[in-house]
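**Q** Shown below is the structure under consideration.
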Amino acid sequence: MRDNENQTRLPLRTRRPAEQGEAAWGKSGQGITPLKVIYTGLILSGILLIIILISLSLGPAKISVKDVVTWVTGHRSVDQTAWMILFRIRLPRILLAGLVGFTLSLGGVVFQALLRNPLAEPFILGVSSGAAVGAITGIVFGLGFNLGVPLLSFLGALLTILLVMGISSRHGGLESSTLLLTGVIVNAFFTAVIMFFIATTSDSRLHSMLFWLYGDLSQSRYVHLSIGIPPILIVSAIIYFFSRHLNLIVGGEDSALQMGVEVELLKWILFLGVSLMTGMVVSFSGIIGFVGLIVPHLMRMFFGPDHRLLIPASALGGAIFLIAADTLARMILSPSELPVGVITAFLGAPFFIYLLKQRGSQWTQS
Amino acid sequence: MDSELILKGVYFRYDSQWCLEGIDFELKKGEIVGIIGPNGSGKSTLLKIMDGLLRIEKGEILLLNRPLSRYTRSDIARQIAMVPQESTFRFAFSVFEVVLMGRFPHLGLFPFEGKEDQEIARQSMQLTGTLDLAGRSIHELSGGEKQRVLTARALAQKAQIILLDEPTSFLDIRHRVEIFELISTLSRTQALSVIVVSHDISLAAQYCQRMLLLNKGSVYKIGEPAEVITADTISTVYQCPVFVDENPISKTPRVTVLSRRGEGRHLHNPERT
């Protein structure tokens with residue numbers, strides 16, 4: 001690389017012939033086009049659909065992919081038990097896994113850009129620990145996983161976000177490093193609260209708590225989907241609208257400001273939007289770590305750092321990744337289950353390290 | 001009518017202390033003006049004020065004879081571009097992608113660049129000699145290359161005024177010269193007006209038509225390099241003994257810093273020089 005540099009750094013008057021420049025130009029691609037985004041979206045959606053079908057067919061009761069397809073398309077009269085298993089148990093769980101993966105991964109991309117930090121993930125501002133305190137309080141009081149626990153959990157997340165953003169706001173602006181520090185401190189405080197609850201609980205509620213803390217999709221209901229999907233879609237649309245702005249912010253807040261990005265306003269909107277949707281999915285699924293960190297990096301390796309392509313790719317990639325991970329969580333110790341967070345970290349970490357070794361950290365620079 | 005940017009009696013402060021006091025300045029079309037001054041004298045603040053990034057408390061700024069405060073942020077970005085000290089991209093955007101980002105203020109609601117934007121980016125890269133780097137990641141480049149890429153991005157903004165905030169501070173002498181050569185070529189061929197903040201006084205004096213010496217937030221002296229850069233002004237403002245003579249080749253002032261212990265010490269006394 002060094003030799004190469006010397007060639008390209010010749011003084012202006014003796015610059016290399018223009019044709020060579022033109023050749024390099026031709027190879028550089030033509031940037032991100034709408035068509036490229038649509039193709040990528042379609043391909044990833046196709047993979048998502050295939051993963052959903054495979055996941056539907058897997059489980060203690062044997063149902064083949066072919067059967068699943070014929071039933072979903074409504075071609076054959078349906079066996080009642082199989083129908084129950086597919087549409088009352090497996091499908092809501094798969095769809096929720098998809099929604100959670102979609103949201104966490106999307107949140108990760110946005111936080112990594114806004115905080116200009118490759119280590120950022122959607123829980124970094126303390127949303128998850130706030131949600132956990134809410135959920136665990138709900139479990140202690142014996143509330144159900146249908147609505148009671150999610151509601152308290154969401155309230156916990158909401159209060160945490162407002163607390164963290166309130167503390168970090170100065171002259172109406174949000175300074176990234178203050179925000180990060182506040183998040184870390186609030187996280188530490190709530191973790192203490194969580195440990196207190198765990199230490200003082202000894203019955204079956206302890207098991208529920210631990211499962212919640214490692215991410216558990218076994219409590220999925222259609223009602224979670226109908227509550228979660230509309231606000232998450234709205235926030236996703238807002239995020240996509242600002243994808244170009246995020247590109248500029250990655251290059252430095254000052255430059256972004258200079259070119260007309262309302263940096264402070266954008267930070268408020270996106271931190272709040274992402275935290276709200278993260279709080280919502282966490283309240284349904286518990287804390288599923290790693291998705292929001294590794295999927296965005298993976299997608300950046302494949303599709304590059306431009307957010308106009310990276311955002312849809314990460315959202316769909318997150319859905320694919322978490323459905324696959326949850327299917328494994330259901331299958332590995334079948335008929336008993338693992339918390340899905342165990343799978344995401346257990347498989348995710350080594351895979352990520354492998355990629356890091358292979359590619360170097362070329363795609364980021366901390 | 002030839003003035004691109006006019007500052008009249010501009011005052012600015014972050015808190016109680018004035019940061020800039022009564023700045024009068026006029027940027028003419030196609031000229032290169034160097035801003036020099038010690039650390040904390042308000043150079044970067046002045047640059048941000050000219051770019052409308054900070055709100056002034058007193059005075060007036062006119063961009064193309066219209067008050068700067070009446071422009072929207074994107075309007076300003078189509079007239080004025082800023083080249084930062086260094087590239088701080090966190091993720092590995094390609095050089096072409098970075099340059100294309102300069103088109104941001106020109107795009108409407110549709111978030112994708114068109115053929116025309118790509119062509120402008122290509123021309124900007126050609127003018128800055130970065131076309132052969134197009135597909136490379138911004139992280140792989142040397143300091144000098146990055147600086148040229150950021151200049152290309154500023155050109156892609158199609159602004160008439162380019163502000164550079166210490167573009168050479170992380171570069172070695174060869175790349176410093178290269179950046180100043182580039183600025184001066186662009187100013188000549190593209191009729192751009194350029195303001196460059198620099199700590200390299202002698203080098204800036206070779207390329208700038210005028211220099212502005214800032215001291216504690218006000219203009220200490222402004223004019224042709226030879227008027228502004230004298231042993232007297234520089235040693236007073238920078239509080240550092242210097243010797244100034246004429247560069248025998250470029251005939252521009254040349255500053256030599258005198259060591260406080262060395263035999264040259266007496267030279268700093270203006271009466272003896």
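Here's how to read the names in the structure tokens: chain A, B, ... by the order shown, residue numbers from 1 in each chain, ligand numbers from 1 in the order shown.
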Env of segment 71-77 of chain B: 7 Å cut, atoms = only C-alpha atoms, seq-sep filter 6 positions within chain, self excluded. Answer as a short mmCIF file (atom, residue, chain, number, x, y, z; two decimals) with N, CA and C atoms, in the first residue's frame.

**A**
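Listed below is the output, part_30.cif:
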data_model
loop_
_atom_site.label_atom_id
_atom_site.label_comp_id
_atom_site.auth_asym_id
_atom_site.auth_seq_id
_atom_site.Cartn_x
_atom_site.Cartn_y
_atom_site.Cartn_z
N GLN A 258 -22.59 22.19 8.52
CA GLN A 258 -22.22 23.13 7.46
C GLN A 258 -23.05 22.89 6.20
N MET A 259 -23.34 21.61 5.92
CA MET A 259 -24.04 21.31 4.68
C MET A 259 -25.55 21.36 4.82
N GLY A 260 -26.02 21.74 5.99
CA GLY A 260 -27.45 21.97 6.12
C GLY A 260 -28.21 20.89 6.88
N PRO B 105 -26.54 19.67 -0.24
CA PRO B 105 -27.39 20.88 -0.22
C PRO B 105 -28.18 21.09 -1.51
#

**Q** Write out as JSON, numbers by chain every residue belonging to chain B that has an atom at most 6 Å from any atom of chain A, counting only C-alpha atoms.

**A** {"B": [73, 74, 77, 88, 89, 90, 91, 92, 93, 105, 131, 132, 134, 135]}

**Q** Go ahead and dump the residues you just picked, N, CA and C atoms, as a compact mmCIF listing (two decimals), in the first residue's frame.

**A**
# COMPACT_ATOMS: atom_id res chain seq x y z
N ARG B 73 -29.94 27.45 5.81
CA ARG B 73 -28.69 26.72 5.92
C ARG B 73 -28.26 26.13 4.57
N SER B 74 -29.19 25.55 3.82
CA SER B 74 -28.83 24.95 2.53
C SER B 74 -28.45 26.02 1.52
N ALA B 77 -24.98 26.78 2.20
CA ALA B 77 -24.12 25.67 1.80
C ALA B 77 -23.93 25.63 0.28
N THR B 88 -12.82 12.96 9.46
CA THR B 88 -13.13 12.19 10.66
C THR B 88 -14.20 11.16 10.38
N PHE B 89 -14.16 10.55 9.20
CA PHE B 89 -15.17 9.54 8.88
C PHE B 89 -14.98 8.30 9.75
N ARG B 90 -16.05 7.88 10.40
CA ARG B 90 -15.95 6.74 11.29
C ARG B 90 -16.03 5.42 10.53
N PHE B 91 -16.77 5.41 9.43
CA PHE B 91 -16.92 4.17 8.68
C PHE B 91 -16.35 4.36 7.29
N ALA B 92 -15.98 3.24 6.66
CA ALA B 92 -15.16 3.30 5.47
C ALA B 92 -15.93 3.66 4.21
N PHE B 93 -16.33 4.91 4.10
CA PHE B 93 -16.92 5.36 2.85
C PHE B 93 -15.84 5.43 1.78
N PRO B 105 -26.54 19.67 -0.24
CA PRO B 105 -27.39 20.88 -0.22
C PRO B 105 -28.18 21.09 -1.51
N LEU B 131 -9.28 11.59 -8.83
CA LEU B 131 -10.10 10.67 -9.61
C LEU B 131 -9.59 9.24 -9.50
N ASP B 132 -8.26 9.09 -9.46
CA ASP B 132 -7.71 7.73 -9.41
C ASP B 132 -7.87 7.10 -8.02
N ALA B 134 -10.91 7.16 -6.58
CA ALA B 134 -12.37 7.08 -6.46
C ALA B 134 -12.89 5.89 -5.66
N GLY B 135 -12.35 4.70 -5.96
CA GLY B 135 -12.91 3.51 -5.33
C GLY B 135 -12.27 3.17 -3.98

**Q** As an exercise, work out the distance from atom CA of Leu159 of chain A to atom CA of His207 of chain A in Å and give it to one decimal place.

**A**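 According to the coordinates, atom CA of Leu159 of chain A and atom CA of His207 of chain A are separated by 25.7 Å.
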
**Q** For segment 27-33 of chain B, work out the shell of residues within 7 Å, counting only C-alpha atoms and skipping chain neighbours fewer than 2 positions away, then give it as JSON, numbers by chain.

**A** {"B": [2, 3, 4, 5, 6, 25, 35, 187, 188, 191, 192, 193, 194, 195, 196, 208, 209, 210, 211]}

**Q** For the residues in the current selection, export N, CA and C atoms as a compact mmCIF listing (two decimals), in the first residue's frame.

**A**
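As written to disk, again_1.txt reads:
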# COMPACT_ATOMS: atom_id res chain seq x y z
N ASP B 2 -18.10 43.70 -6.45
CA ASP B 2 -17.20 42.57 -6.57
C ASP B 2 -17.06 41.77 -5.28
N SER B 3 -17.64 42.29 -4.19
CA SER B 3 -17.44 41.63 -2.92
C SER B 3 -18.38 40.45 -2.75
N GLU B 4 -17.81 39.34 -2.36
CA GLU B 4 -18.62 38.16 -2.13
C GLU B 4 -19.21 38.18 -0.73
N LEU B 5 -18.34 38.53 0.21
CA LEU B 5 -18.72 38.43 1.62
C LEU B 5 -18.21 39.68 2.33
N ILE B 6 -19.10 40.33 3.08
CA ILE B 6 -18.70 41.54 3.79
C ILE B 6 -19.06 41.41 5.27
N PHE B 25 -14.37 43.25 7.45
CA PHE B 25 -13.62 42.46 6.48
C PHE B 25 -14.43 42.36 5.20
N ILE B 35 -5.88 33.84 6.98
CA ILE B 35 -6.09 34.35 8.33
C ILE B 35 -5.03 33.74 9.24
N SER B 187 -8.52 28.68 -7.35
CA SER B 187 -8.94 30.07 -7.27
C SER B 187 -8.79 30.76 -8.62
N ARG B 188 -7.69 30.43 -9.32
CA ARG B 188 -7.48 31.03 -10.62
C ARG B 188 -8.43 30.48 -11.68
N ALA B 191 -12.33 30.69 -10.49
CA ALA B 191 -12.73 31.99 -9.94
C ALA B 191 -13.33 31.86 -8.55
N LEU B 192 -12.76 30.98 -7.74
CA LEU B 192 -13.26 30.81 -6.39
C LEU B 192 -12.61 31.81 -5.45
N SER B 193 -13.37 32.25 -4.46
CA SER B 193 -12.79 33.07 -3.40
C SER B 193 -12.46 32.13 -2.25
N VAL B 194 -11.28 32.31 -1.70
CA VAL B 194 -10.82 31.35 -0.69
C VAL B 194 -10.36 32.07 0.57
N ILE B 195 -10.76 31.54 1.72
CA ILE B 195 -10.21 32.02 2.98
C ILE B 195 -9.55 30.83 3.65
N VAL B 196 -8.28 30.99 4.00
CA VAL B 196 -7.58 29.86 4.59
C VAL B 196 -6.94 30.27 5.91
N CYS B 208 -1.26 33.72 -0.64
CA CYS B 208 -2.40 34.58 -0.37
C CYS B 208 -2.16 35.98 -0.93
N GLN B 209 -3.23 36.56 -1.51
CA GLN B 209 -3.10 37.94 -1.97
C GLN B 209 -3.17 38.91 -0.79
N ARG B 210 -3.97 38.53 0.21
CA ARG B 210 -4.07 39.37 1.40
C ARG B 210 -4.00 38.48 2.63
N MET B 211 -3.56 39.09 3.73
CA MET B 211 -3.50 38.35 5.00
C MET B 211 -4.24 39.16 6.05

**Q** Using only C-alpha atoms, pick whichever of B:Gln79, B:Ser250, B:Thr168, B:Thr45 has the shortest atom-to-atom distance to Gly143 of chain B.

**A** B:Thr168

**Q** I need the residue nearest Ala204 of chain B from this list: B:Arg254, B:Lys216, B:Lys221, B:Arg148. Use only C-alpha atoms for the distance.

**A**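 Of the candidates, the smallest distance to Ala204 of chain B is held by B:Arg254.
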
**Q** Rounded to one decimal place, report the atom CA of Thr344 of chain A-atom CA of Leu217 of chain A distance in Å.

**A**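 Result for atom CA of Thr344 of chain A versus atom CA of Leu217 of chain A: 12.8 Å, one decimal.
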
**Q** Skip segment 53-57 of chain B itself and residues of its chain fewer than 4 positions away, then list as a list in words all residues within 6 Å of it, counting only C-alpha atoms.

**A**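 Those residues are Tyr11, Phe12, Lys48 and Ile49 of chain B.
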
**Q** Please, could you write that set of residues out with C-alpha atoms as a PDB file, in the first residue's frame?

**A**
ATOM      1  CA  TYR B  11     -19.143  41.133  17.562  1.00  0.00           C
ATOM      2  CA  PHE B  12     -19.485  37.629  18.921  1.00  0.00           C
ATOM      3  CA  LYS B  48     -17.677  29.736  11.566  1.00  0.00           C
ATOM      4  CA  ILE B  49     -19.202  33.212  11.737  1.00  0.00           C
TER       5      ILE B  49
END

**Q** Could you find all residues in segment 27-143 of chain A that DSSP calls alpha helix (DSSP H) from the backbone, and write them as a ChimeraX atom specification?

**A** /A:27,34-57,65-72,80-84,91-114,127-140

**Q** Calculated over only C-alpha atoms, which of the candidates A:Leu355, A:Leu143, A:Val72, A:Ile232 has the smallest distance to Phe302 of chain A?

**A**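 Looking at the shortest contact to Phe302 of chain A, the residue is A:Leu355.
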
**Q** Residues within 10 Å of Arg221 of chain A, please, as a PyMOL selection string. Count only C-alpha atoms; anything in the same chain fewer than 2 positions from it doesn't count.

**A** chain A and resi 88-89+91-93+95-96+145-147+217-219+223-226+284
